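Asks: This is input_28.txt, which holds compact mmCIF, C-alpha atoms and all ligand atoms:
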# COMPACT_ATOMS: atom_id res chain seq x y z
CA MET P 1 248.70 110.40 -121.17
CA ARG P 2 246.72 112.59 -123.56
CA MET P 3 243.25 111.82 -124.85
CA VAL P 4 244.12 113.18 -128.30
CA ASP P 5 246.81 110.51 -128.70
CA ILE P 6 244.40 107.77 -127.68
CA ILE P 7 241.90 108.97 -130.29
CA ALA P 8 244.58 109.13 -132.98
CA ARG P 9 245.86 105.66 -132.17
CA LYS P 10 242.42 104.12 -132.44
CA ARG P 11 241.72 106.13 -135.59
CA ASP P 12 244.82 104.51 -137.11
CA GLY P 13 243.66 101.03 -136.18
CA LYS P 14 246.04 100.47 -133.26
CA GLU P 15 245.20 98.44 -130.17
CA LEU P 16 244.58 100.53 -127.03
CA THR P 17 246.29 99.47 -123.80
CA THR P 18 244.45 98.66 -120.60
CA GLU P 19 245.77 101.93 -119.13
CA GLU P 20 244.57 103.99 -122.07
CA ILE P 21 241.07 102.55 -121.82
CA LYS P 22 240.98 103.19 -118.07
CA PHE P 23 242.27 106.73 -118.59
CA PHE P 24 239.46 107.43 -121.04
CA ILE P 25 236.65 105.95 -118.93
CA GLU P 26 237.83 107.52 -115.66
CA GLY P 27 238.36 110.92 -117.26
CA TYR P 28 235.07 110.86 -119.10
CA THR P 29 233.16 109.86 -115.94
CA LYS P 30 234.80 112.67 -113.93
CA GLY P 31 234.30 115.21 -116.69
CA THR P 32 237.97 115.92 -117.35
CA ILE P 33 237.56 114.47 -120.83
CA PRO P 34 234.95 116.44 -122.81
CA ASP P 35 232.12 115.04 -124.90
CA TYR P 36 233.79 116.00 -128.19
CA GLN P 37 236.83 113.85 -127.47
CA ALA P 38 234.70 110.96 -126.23
CA SER P 39 232.58 111.15 -129.40
CA ALA P 40 235.68 111.14 -131.58
CA LEU P 41 236.93 108.02 -129.83
CA ALA P 42 233.51 106.34 -130.08
CA MET P 43 233.54 107.03 -133.83
CA ALA P 44 237.08 105.66 -134.15
CA ILE P 45 235.97 102.49 -132.31
CA TYR P 46 232.94 102.30 -134.56
CA PHE P 47 235.20 102.14 -137.64
CA GLN P 48 238.25 100.32 -136.26
CA ASP P 49 236.59 97.92 -133.80
CA MET P 50 238.25 96.54 -130.67
CA ASN P 51 239.84 93.17 -130.07
CA ASP P 52 238.71 90.81 -127.31
CA ARG P 53 241.16 92.18 -124.77
CA GLU P 54 240.17 95.79 -125.39
CA ARG P 55 236.47 94.87 -125.14
CA ALA P 56 237.03 93.15 -121.78
CA ASP P 57 239.04 96.12 -120.52
CA LEU P 58 236.39 98.59 -121.64
CA THR P 59 233.71 96.55 -119.88
CA MET P 60 235.60 96.37 -116.60
CA ALA P 61 236.56 100.06 -116.74
CA MET P 62 232.85 100.89 -116.99
CA VAL P 63 232.01 98.46 -114.16
CA ASN P 64 234.58 100.26 -111.99
CA SER P 65 233.30 103.73 -112.89
CA GLY P 66 230.64 103.54 -110.17
CA GLU P 67 229.15 101.42 -107.42
CA THR P 68 228.85 97.67 -107.75
CA ILE P 69 226.41 95.37 -105.98
CA ASP P 70 227.98 92.82 -103.67
CA LEU P 71 225.90 89.63 -103.66
CA SER P 72 228.56 87.52 -101.93
CA ALA P 73 226.30 87.13 -98.88
CA ILE P 74 223.99 85.04 -101.06
CA GLU P 75 224.89 81.38 -101.19
CA GLY P 76 225.41 79.75 -104.56
CA ILE P 77 226.16 80.96 -108.04
CA LYS P 78 224.09 84.00 -108.92
CA VAL P 79 223.02 83.70 -112.54
CA ASP P 80 221.45 86.72 -114.16
CA LYS P 81 219.47 86.71 -117.38
CA HIS P 82 219.50 89.59 -119.81
CA SER P 83 217.28 90.12 -122.80
CA THR P 84 218.12 92.72 -125.43
CA GLY P 85 214.43 93.56 -125.34
CA GLY P 86 211.37 92.56 -127.26
CA VAL P 87 207.61 92.80 -127.43
CA GLY P 88 205.48 90.91 -124.94
CA ASP P 89 208.61 89.32 -123.46
CA THR P 90 207.23 87.60 -120.39
CA THR P 91 210.29 85.41 -119.80
CA THR P 92 211.68 87.03 -116.63
CA LEU P 93 208.36 86.67 -114.82
CA VAL P 94 208.40 82.96 -115.58
CA LEU P 95 212.10 82.24 -115.27
CA ALA P 96 212.64 83.78 -111.84
CA PRO P 97 210.33 81.42 -109.89
CA LEU P 98 210.98 78.53 -112.28
CA VAL P 99 214.74 78.27 -111.74
CA ALA P 100 214.39 79.26 -108.07
CA ALA P 101 212.24 76.13 -107.71
CA LEU P 102 215.45 74.23 -108.51
CA ASP P 103 217.36 76.21 -105.87
CA VAL P 104 219.12 78.44 -108.36
CA PRO P 105 219.40 81.79 -106.53
CA VAL P 106 217.66 84.61 -108.39
CA ALA P 107 218.69 87.98 -106.99
CA LYS P 108 217.13 90.32 -109.48
CA MET P 109 217.55 94.02 -109.68
CA SER P 110 215.01 95.46 -112.05
CA GLY P 111 213.91 98.76 -113.44
CA ARG P 112 210.92 100.33 -115.09
CA GLY P 113 212.22 101.97 -118.22
CA LEU P 114 210.45 102.80 -121.41
CA GLY P 115 208.80 100.43 -123.81
CA HIS P 116 205.72 98.84 -125.30
CA THR P 117 204.78 97.46 -121.91
CA GLY P 118 206.15 98.12 -118.48
CA GLY P 119 209.29 96.50 -117.14
CA THR P 120 209.28 93.43 -114.92
CA ILE P 121 208.53 95.55 -111.85
CA ASP P 122 205.53 97.23 -113.46
CA LYS P 123 204.17 93.85 -114.45
CA LEU P 124 204.57 92.47 -110.94
CA GLU P 125 202.87 95.55 -109.53
CA ALA P 126 199.72 94.45 -111.33
CA ILE P 127 199.48 92.14 -108.31
CA GLU P 128 197.84 93.88 -105.38
CA GLY P 129 200.35 94.83 -102.69
CA PHE P 130 203.48 93.62 -104.45
CA HIS P 131 206.40 95.97 -103.99
CA VAL P 132 210.14 96.06 -104.59
CA GLU P 133 210.95 98.65 -101.95
CA ILE P 134 212.79 96.22 -99.70
CA THR P 135 216.10 96.80 -97.95
CA LYS P 136 219.30 95.24 -99.20
CA ASP P 137 219.38 93.04 -96.07
CA GLN P 138 215.81 91.82 -96.63
CA PHE P 139 216.65 91.15 -100.25
CA ILE P 140 219.63 88.98 -99.34
CA GLU P 141 217.69 87.19 -96.60
CA LEU P 142 214.83 86.37 -98.98
CA VAL P 143 217.11 85.02 -101.67
CA ASN P 144 218.99 82.88 -99.16
CA ARG P 145 215.76 81.51 -97.71
CA ASP P 146 213.47 81.21 -100.73
CA LYS P 147 215.93 81.65 -103.64
CA VAL P 148 214.11 84.51 -105.34
CA ALA P 149 213.57 88.23 -104.77
CA VAL P 150 213.36 91.40 -106.86
CA ILE P 151 214.62 94.76 -105.69
CA GLY P 152 214.24 98.15 -107.38
CA GLN P 153 217.22 99.73 -109.07
CA SER P 154 219.33 101.80 -106.71
CA GLY P 155 222.82 103.15 -106.50
CA ASN P 156 225.03 104.74 -109.06
CA LEU P 157 225.84 101.76 -111.27
CA THR P 158 228.05 102.20 -114.37
CA PRO P 159 227.86 106.02 -114.66
CA ALA P 160 230.38 105.83 -117.50
CA ASP P 161 227.94 103.75 -119.52
CA LYS P 162 225.04 106.13 -118.83
CA LYS P 163 227.06 109.06 -120.08
CA LEU P 164 228.59 107.27 -123.03
CA TYR P 165 225.32 105.66 -124.16
CA ALA P 166 223.61 109.06 -124.18
CA LEU P 167 226.50 110.50 -126.18
CA ARG P 168 226.48 107.61 -128.65
CA ASP P 169 222.77 108.14 -129.12
CA VAL P 170 223.37 111.60 -130.63
CA THR P 171 226.64 110.91 -132.46
CA GLY P 172 225.71 107.97 -134.67
CA THR P 173 227.77 105.48 -132.66
CA VAL P 174 225.15 103.28 -131.00
CA ASN P 175 225.44 100.54 -133.59
CA SER P 176 228.89 99.23 -132.77
CA ILE P 177 229.39 95.69 -131.50
CA PRO P 178 232.24 96.47 -129.05
CA LEU P 179 230.32 99.45 -127.64
CA ILE P 180 226.97 97.65 -127.31
CA ALA P 181 228.51 94.49 -125.87
CA SER P 182 230.58 96.31 -123.25
CA SER P 183 227.61 98.52 -122.36
CA ILE P 184 225.28 95.60 -121.67
CA MET P 185 227.88 93.41 -119.95
CA SER P 186 229.12 96.20 -117.67
CA LYS P 187 225.61 96.66 -116.26
CA LYS P 188 225.13 92.94 -115.58
CA ILE P 189 228.52 92.62 -113.90
CA ALA P 190 228.05 95.74 -111.78
CA ALA P 191 224.71 94.29 -110.62
CA GLY P 192 226.60 91.36 -109.09
CA ALA P 193 226.12 88.49 -111.54
CA ASP P 194 228.52 85.54 -111.22
CA ALA P 195 227.22 84.03 -114.45
CA ILE P 196 225.08 85.45 -117.23
CA VAL P 197 222.56 84.10 -119.71
CA LEU P 198 221.86 86.34 -122.68
CA ASP P 199 218.76 86.33 -124.83
CA VAL P 200 219.72 88.25 -127.93
CA LYS P 201 216.64 88.97 -130.00
CA THR P 202 216.57 89.26 -133.74
CA GLY P 203 213.93 90.59 -136.11
CA ALA P 204 211.55 93.52 -136.53
CA GLY P 205 210.84 93.93 -132.82
CA ALA P 206 214.49 93.68 -131.81
CA PHE P 207 217.45 95.97 -131.46
CA MET P 208 219.38 93.74 -133.87
CA LYS P 209 217.35 93.36 -137.05
CA THR P 210 219.30 90.52 -138.70
CA ASN P 211 220.47 87.12 -137.48
CA GLU P 212 224.07 87.96 -138.46
CA ASP P 213 224.15 91.11 -136.32
CA ALA P 214 222.44 89.35 -133.42
CA GLU P 215 224.94 86.52 -133.53
CA ALA P 216 227.91 88.87 -133.69
CA LEU P 217 226.60 90.69 -130.61
CA ALA P 218 225.89 87.45 -128.76
CA ARG P 219 229.37 86.07 -129.47
CA ALA P 220 230.98 89.34 -128.41
CA MET P 221 229.13 89.34 -125.09
CA VAL P 222 229.83 85.67 -124.38
CA LYS P 223 233.55 86.34 -125.03
CA ILE P 224 233.60 89.36 -122.73
CA GLY P 225 231.83 87.48 -119.95
CA ASN P 226 234.16 84.52 -120.10
CA ASN P 227 237.23 86.78 -120.37
CA VAL P 228 236.32 88.63 -117.18
CA GLY P 229 235.54 85.51 -115.17
CA ARG P 230 231.75 85.32 -115.58
CA ASN P 231 230.54 82.16 -117.26
CA THR P 232 228.26 83.35 -120.01
CA MET P 233 225.96 81.67 -122.53
CA ALA P 234 223.62 83.13 -125.10
CA ILE P 235 220.80 82.28 -127.40
CA ILE P 236 219.57 84.07 -130.49
CA SER P 237 215.79 84.12 -130.38
CA ASP P 238 213.23 85.40 -132.80
CA MET P 239 211.50 88.73 -132.29
CA SER P 240 209.95 89.22 -135.68
CA GLN P 241 206.58 88.50 -134.03
CA PRO P 242 205.73 89.19 -130.36
CA LEU P 243 206.51 86.47 -127.85
CA GLY P 244 203.60 84.47 -126.47
CA PHE P 245 200.06 85.79 -126.80
CA ALA P 246 199.92 88.56 -124.18
CA ILE P 247 201.29 92.08 -124.58
CA GLY P 248 200.35 94.14 -121.56
CA ASN P 249 201.15 94.04 -117.89
CA ALA P 250 198.33 92.19 -116.11
CA LEU P 251 197.79 90.07 -119.22
CA GLU P 252 201.43 88.99 -119.09
CA VAL P 253 201.17 88.10 -115.41
CA LYS P 254 198.32 85.77 -116.31
CA GLU P 255 200.41 84.37 -119.16
CA ALA P 256 203.32 83.80 -116.78
CA ILE P 257 201.05 81.88 -114.38
CA ASP P 258 199.81 79.66 -117.22
CA THR P 259 203.37 79.04 -118.36
CA LEU P 260 204.56 78.12 -114.86
CA LYS P 261 201.79 75.51 -114.87
CA GLY P 262 203.06 74.17 -118.19
CA GLU P 263 199.97 75.55 -119.95
CA GLY P 264 201.53 78.61 -121.58
CA PRO P 265 202.04 79.53 -125.22
CA GLU P 266 204.34 77.14 -127.06
CA ASP P 267 206.97 79.71 -128.01
CA LEU P 268 207.19 81.31 -124.58
CA THR P 269 207.44 77.88 -122.95
CA GLU P 270 210.20 76.80 -125.32
CA LEU P 271 212.17 80.01 -124.78
CA VAL P 272 211.85 79.74 -121.02
CA LEU P 273 213.03 76.13 -121.04
CA THR P 274 215.99 76.98 -123.28
CA LEU P 275 217.13 79.97 -121.21
CA GLY P 276 216.28 78.23 -117.95
CA SER P 277 218.41 75.22 -118.88
CA GLN P 278 221.39 77.48 -119.41
CA MET P 279 220.78 79.15 -116.04
CA VAL P 280 220.55 75.81 -114.25
CA VAL P 281 223.77 74.54 -115.85
CA LEU P 282 225.65 77.78 -115.11
CA ALA P 283 224.47 77.56 -111.48
CA LYS P 284 225.91 74.02 -111.47
CA LYS P 285 222.61 72.39 -110.53
CA ALA P 286 222.81 70.14 -113.59
CA SER P 287 225.70 69.07 -115.78
CA THR P 288 224.02 69.12 -119.17
CA LEU P 289 221.38 71.28 -120.82
CA GLU P 290 219.24 68.17 -121.42
CA GLU P 291 219.31 67.22 -117.74
CA ALA P 292 218.49 70.80 -116.73
CA ARG P 293 215.55 70.89 -119.11
CA GLU P 294 214.07 67.69 -117.65
CA MET P 295 214.35 69.17 -114.17
CA LEU P 296 212.56 72.34 -115.27
CA VAL P 297 209.75 70.43 -116.96
CA GLU P 298 209.37 68.40 -113.78
CA VAL P 299 208.84 71.47 -111.52
CA MET P 300 206.33 72.85 -114.00
CA LYS P 301 204.41 69.56 -113.88
CA ASN P 302 204.54 68.90 -110.15
CA GLY P 303 203.45 72.42 -109.14
CA LYS P 304 206.70 73.45 -107.46
CA ALA P 305 207.30 76.30 -109.89
CA LEU P 306 203.85 77.75 -109.28
CA GLU P 307 204.26 77.29 -105.52
CA LYS P 308 207.56 79.21 -105.72
CA PHE P 309 205.81 82.05 -107.53
CA LYS P 310 203.27 82.29 -104.69
CA VAL P 311 205.99 82.37 -102.04
CA PHE P 312 207.85 85.05 -104.00
CA LEU P 313 204.71 87.23 -104.27
CA LYS P 314 203.82 86.79 -100.60
CA ASN P 315 207.36 87.63 -99.48
CA GLN P 316 207.12 91.00 -101.17
CA GLY P 317 203.62 91.92 -100.00
CA GLY P 318 201.74 90.58 -103.00
CA ASP P 319 198.34 88.90 -102.97
CA ALA P 320 199.33 85.35 -103.96
CA SER P 321 195.70 84.32 -104.38
CA VAL P 322 195.78 85.88 -107.88
CA VAL P 323 197.67 82.80 -108.97
CA ASP P 324 194.55 80.69 -108.46
CA SER P 325 192.11 83.54 -109.18
CA PRO P 326 193.62 85.60 -112.01
CA GLU P 327 190.34 87.51 -112.32
CA LYS P 328 191.64 89.52 -109.34
CA LEU P 329 194.21 91.14 -111.64
CA PRO P 330 193.32 94.59 -113.01
CA GLN P 331 190.63 94.17 -115.67
CA ALA P 332 190.01 96.38 -118.69
CA LYS P 333 186.56 97.87 -119.27
CA TYR P 334 186.29 97.04 -122.96
CA ILE P 335 187.13 93.77 -124.66
CA ILE P 336 187.11 94.11 -128.43
CA GLU P 337 187.88 91.46 -131.04
CA VAL P 338 189.74 92.17 -134.28
CA PRO P 339 188.29 89.79 -136.89
CA ALA P 340 190.32 88.60 -139.88
CA LYS P 341 189.27 90.19 -143.15
CA GLU P 342 190.26 87.14 -145.17
CA SER P 343 191.07 83.46 -144.80
CA GLY P 344 194.55 81.97 -145.07
CA TYR P 345 197.66 81.59 -142.95
CA VAL P 346 199.13 84.27 -140.75
CA SER P 347 202.46 85.03 -142.42
CA ASN P 348 203.74 88.03 -140.48
CA ILE P 349 203.00 89.91 -137.25
CA VAL P 350 205.28 92.94 -137.09
CA ALA P 351 206.44 92.84 -133.50
CA ASP P 352 207.45 96.44 -132.90
CA GLU P 353 204.34 97.91 -134.51
CA ILE P 354 202.06 95.61 -132.52
CA GLY P 355 204.01 96.76 -129.47
CA VAL P 356 203.23 100.35 -130.38
CA ALA P 357 199.54 99.43 -130.62
CA ALA P 358 199.71 98.15 -127.03
CA MET P 359 201.47 101.33 -126.00
CA ILE P 360 198.74 103.49 -127.55
CA LEU P 361 196.27 101.67 -125.30
CA GLY P 362 198.41 102.72 -122.33
CA ALA P 363 200.31 99.48 -121.61
CA GLY P 364 203.73 101.13 -121.88
CA ARG P 365 205.55 104.40 -121.46
CA ALA P 366 206.71 106.67 -124.28
CA THR P 367 208.31 109.08 -121.79
CA LYS P 368 209.50 108.56 -118.23
CA GLU P 369 206.60 110.60 -116.85
CA ASP P 370 203.86 108.51 -118.48
CA GLU P 371 201.60 106.44 -116.27
CA ILE P 372 201.00 102.84 -117.20
CA ASP P 373 197.54 101.30 -117.32
CA LEU P 374 198.22 97.81 -115.98
CA ALA P 375 194.90 96.37 -117.19
CA VAL P 376 195.16 97.11 -120.90
CA GLY P 377 196.92 95.38 -123.77
CA LEU P 378 196.54 92.84 -126.53
CA MET P 379 196.08 89.09 -126.72
CA LEU P 380 197.16 87.54 -129.99
CA ARG P 381 194.64 84.89 -130.99
CA LYS P 382 196.76 83.76 -133.95
CA LYS P 383 200.50 83.48 -134.34
CA VAL P 384 202.64 83.23 -137.46
CA GLY P 385 201.91 79.93 -139.22
CA ASP P 386 198.37 79.60 -137.83
CA LYS P 387 195.43 78.99 -140.14
CA VAL P 388 192.70 81.62 -139.94
CA GLU P 389 189.18 81.85 -141.29
CA LYS P 390 187.63 85.14 -142.34
CA GLY P 391 185.82 86.61 -139.34
CA GLU P 392 187.86 84.72 -136.75
CA SER P 393 189.57 86.88 -134.18
CA LEU P 394 193.20 87.75 -134.85
CA VAL P 395 193.69 89.78 -131.70
CA THR P 396 191.65 90.73 -128.65
CA ILE P 397 192.02 94.34 -127.51
CA TYR P 398 191.76 95.07 -123.79
CA SER P 399 191.10 98.78 -123.40
CA ASN P 400 189.83 101.29 -120.91
CA ARG P 401 188.74 103.58 -123.74
CA GLU P 402 185.84 102.75 -125.99
CA ASP P 403 187.40 104.21 -129.12
CA VAL P 404 190.11 101.87 -130.36
CA ALA P 405 189.93 102.72 -134.08
CA SER P 406 193.58 103.74 -134.36
CA VAL P 407 194.72 100.62 -132.51
CA MET P 408 192.65 98.47 -134.84
CA ASP P 409 194.10 100.16 -137.91
CA LYS P 410 197.58 99.52 -136.61
CA ILE P 411 196.83 95.86 -135.99
CA TYR P 412 195.37 95.33 -139.47
CA ALA P 413 198.33 97.13 -141.05
CA ASN P 414 200.80 94.85 -139.29
CA ILE P 415 199.34 91.37 -139.53
CA SER P 416 199.66 89.71 -142.93
CA ILE P 417 197.66 86.77 -144.14
CA SER P 418 198.83 84.71 -147.08
CA SER P 419 197.59 81.66 -148.95
CA GLU P 420 200.71 79.63 -148.15
CA SER P 421 201.62 78.34 -144.74
CA VAL P 422 204.88 79.43 -143.14
CA ASN P 423 207.01 77.86 -140.44
CA PRO P 424 208.27 80.30 -137.84
CA VAL P 425 211.63 79.68 -136.17
CA LEU P 426 211.96 80.61 -132.51
CA ILE P 427 215.49 79.73 -131.45
CA HIS P 428 217.97 80.59 -134.15
CA LYS P 429 221.10 79.57 -132.30
CA ILE P 430 222.44 78.46 -128.94
CA ILE P 431 225.87 79.77 -128.06
CA THR P 432 227.59 78.05 -125.15
CA GLU P 433 231.22 78.50 -126.18
N1 LIG P 501 221.53 98.45 -124.85
C1 LIG P 501 222.49 98.86 -123.99
O1 LIG P 501 222.35 98.71 -122.78
N2 LIG P 501 223.59 99.44 -124.47
C2 LIG P 501 223.80 99.62 -125.78
O2 LIG P 501 224.84 100.15 -126.15
C3 LIG P 501 222.80 99.22 -126.67
C4 LIG P 501 221.68 98.63 -126.18
CA CA P 502 203.89 87.66 -123.96
Mind turning this structure into structure tokens?
Replies:
Amino acid sequence: MRMVDIIARKRDGKELTTEEIKFFIEGYTKGTIPDYQASALAMAIYFQDMNDRERADLTMAMVNSGETIDLSAIEGIKVDKHSTGGVGDTTTLVLAPLVAALDVPVAKMSGRGLGHTGGTIDKLEAIEGFHVEITKDQFIELVNRDKVAVIGQSGNLTPADKKLYALRDVTGTVNSIPLIASSIMSKKIAAGADAIVLDVKTGAGAFMKTNEDAEALARAMVKIGNNVGRNTMAIISDMSQPLGFAIGNALEVKEAIDTLKGEGPEDLTELVLTLGSQMVVLAKKASTLEEAREMLVEVMKNGKALEKFKVFLKNQGGDASVVDSPEKLPQAKYIIEVPAKESGYVSNIVADEIGVAAMILGAGRATKEDEIDLAVGLMLRKKVGDKVEKGESLVTIYSNREDVASVMDKIYANISISSESVNPVLIHKIITE
């Protein structure tokens, strides 16, 4: 088999065989296929697309390019949730203990990564003592006993994807549905998921900027999952404005606690119940989404979800008393309000730019070496659709620096107020296939 023939076939719109796809991924991982041939193939895929079978084959070839995590020692159906990434997305923090309270096993491998705020691990580390440096055996034991644990990323998972994603980044081939879908799905499958729930975000703060693109990606991933034996569902959720009120690590922990009590922001609560219902159904703890939702609301109301969060924190060295005394979380030195300059209705809050404002305060990392300040961030006081009077606070800034002029400018530049009210949509579509 020759790589040049594979490239030419895809260039001409032909379907690649399972063997050809394997040959490419294995050779590229080993280094016997050079970057220039891999980029040519990525570009051919970009223009000619792949059918469902090719997409499933590409995904599994990438899964098999490195180590995979074996979660078979954990009882039950392991459902993993993946979000394509947004601003102030506190869902994982809430979902993990919430579905675990219904005995859905949550065996979460999580990373730090770059972004407007830290990753799930950074957020959890805002809790004194909490750590993810546990052994694989401890991890499995905790999930079997208490249904929830988080471990730091380890092992050489999907090296083919790492290499190919970096190459796509510099060859104009990131934005291809078959390549994105296989990239995301390969990582979830290698991490041991039996079933997968996908939160595909759409809007200014999202990777996919339009509903059409987000839906195409969601459908592609659901197809791949189901074709390779992992039950998969997806939702398309809005990321034109940040999710919830809090953007920042300790602030989001507090928001997660409120939400577990059933006292969280409306949009975050709705998203968590929608995604959680899918997780509960996929784990076969309920037969319909409606039944699952009732069960989730019940554990929020009766305190079981919050209790599960405490057990989870304690198990991994965390000070669970923060749940009842959130003032023990890292606190910022300066609390500064951003008053509205006019009255009206909030019509737009540009998610990614507000995320950048939080990052300027130190809530997130621009480069891998950056240190995160867990205490800082933003609290939205108004969301899209809310009425606001001149002088009322739009946002509260939590900062450890006194000078927040540039952050304030950014906030003003990215929150619009209009005379007409608007109705924001949170869940654009639910895809269960
Ligand atoms: N996220 C991924 O993990 N892979 C892609 O290709 C795009 C976004
Ligand atoms: Ca939030």
Asks: Could you give me, as a list of chain:residue names, the residues within 7 Å of Ala351 in chain P, counting all atoms listed in the file and dropping anything in the same chain fewer than 2 positions from it?
Replies: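 After dropping sequence-adjacent residues, the list is P:Val87, P:Ala204, P:Gly205, P:Met239, P:Ser240, P:Gln241, P:Pro242, P:Ile349, P:Glu353, P:Ile354, P:Gly355.
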Asks: So, counting all atoms listed in the file, which residue among P:Ile335, P:Ile236, P:Leu374, P:Ala246 is closest to Ile430 in chain P?
Replies: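 Of the candidates, the smallest distance to Ile430 in chain P is held by P:Ile236.
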Asks: What does the structure give for the distance between CA of Tyr46 in chain P and CA of Gly13 in chain P, in Å to one decimal?
Replies: 10.9 Å
Asks: Can you write out as JSON lines which residues of chain P fall within 6 Å of ligand CA 502 (chain P), alongside each residue's closest atom pair and its distance in Å to one decimal, counting all atoms listed in the file and ordering rows by chain and ascending residue number?
Replies:
{"residue": "P:Gly88", "atom": "CA", "partner": "P:CA502", "partner_atom": "CA", "distance": 3.7}
{"residue": "P:Asp89", "atom": "CA", "partner": "P:CA502", "partner_atom": "CA", "distance": 5.0}
{"residue": "P:Thr90", "atom": "CA", "partner": "P:CA502", "partner_atom": "CA", "distance": 4.9}
{"residue": "P:Leu243", "atom": "CA", "partner": "P:CA502", "partner_atom": "CA", "distance": 4.8}
{"residue": "P:Gly244", "atom": "CA", "partner": "P:CA502", "partner_atom": "CA", "distance": 4.1}
{"residue": "P:Phe245", "atom": "CA", "partner": "P:CA502", "partner_atom": "CA", "distance": 5.1}
{"residue": "P:Ala246", "atom": "CA", "partner": "P:CA502", "partner_atom": "CA", "distance": 4.1}
{"residue": "P:Ile247", "atom": "CA", "partner": "P:CA502", "partner_atom": "CA", "distance": 5.2}
{"residue": "P:Glu252", "atom": "CA", "partner": "P:CA502", "partner_atom": "CA", "distance": 5.6}
Asks: Write out as an NGL selection string each polymer residue whose atoms come within 7 Å of Arg230 in chain P, counting only C-alpha atoms; drop sequence neighbours fewer than 4 positions from it.
Replies: :P and (194-196 or 225-226)
Asks: Build an axis-aligned box that encloses every atom of ligand LIG 501 (chain P) listed in the file, pad it by 4 Å on each side, and report its centre and edge lengths in Å to one decimal, as JSON.
Replies:
{"center_x": 223.2, "center_y": 99.3, "center_z": -124.7, "size_x": 11.3, "size_y": 9.7, "size_z": 11.9}
Asks: Do a neighbour search on range 264-268 of chain P at 9 Å with all atoms listed in the file, toss out local chain neighbours closer than 2 positions, and write the hits as a list in words.
Replies: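 The residues satisfying every condition are Asp89, Thr90, Thr91, Leu243, Gly244, Phe245, Glu255, Ala256, Ile257, Asp258, Thr259, Leu260, Lys261, Gly262, Glu270, Leu271, Val272, Leu273 and Leu426 of chain P.
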Asks: Distance table requested - chain P against ligand LIG 501 (chain P), cut-off 6 Å, only C-alpha atoms and all ligand atoms: one row per qualifying residue with the closest atom pair and its distance in Å to one decimal, ordered by chain and rising residue number, as a tab-separated table.
Replies:
residue	atom	partner	partner_atom	distance
P:Tyr165	CA	P:LIG501	O2	5.9
P:Val174	CA	P:LIG501	O2	5.8
P:Leu179	CA	P:LIG501	O2	5.7
P:Ile180	CA	P:LIG501	O2	3.5
P:Ser183	CA	P:LIG501	N2	4.6
P:Ile184	CA	P:LIG501	O1	4.4
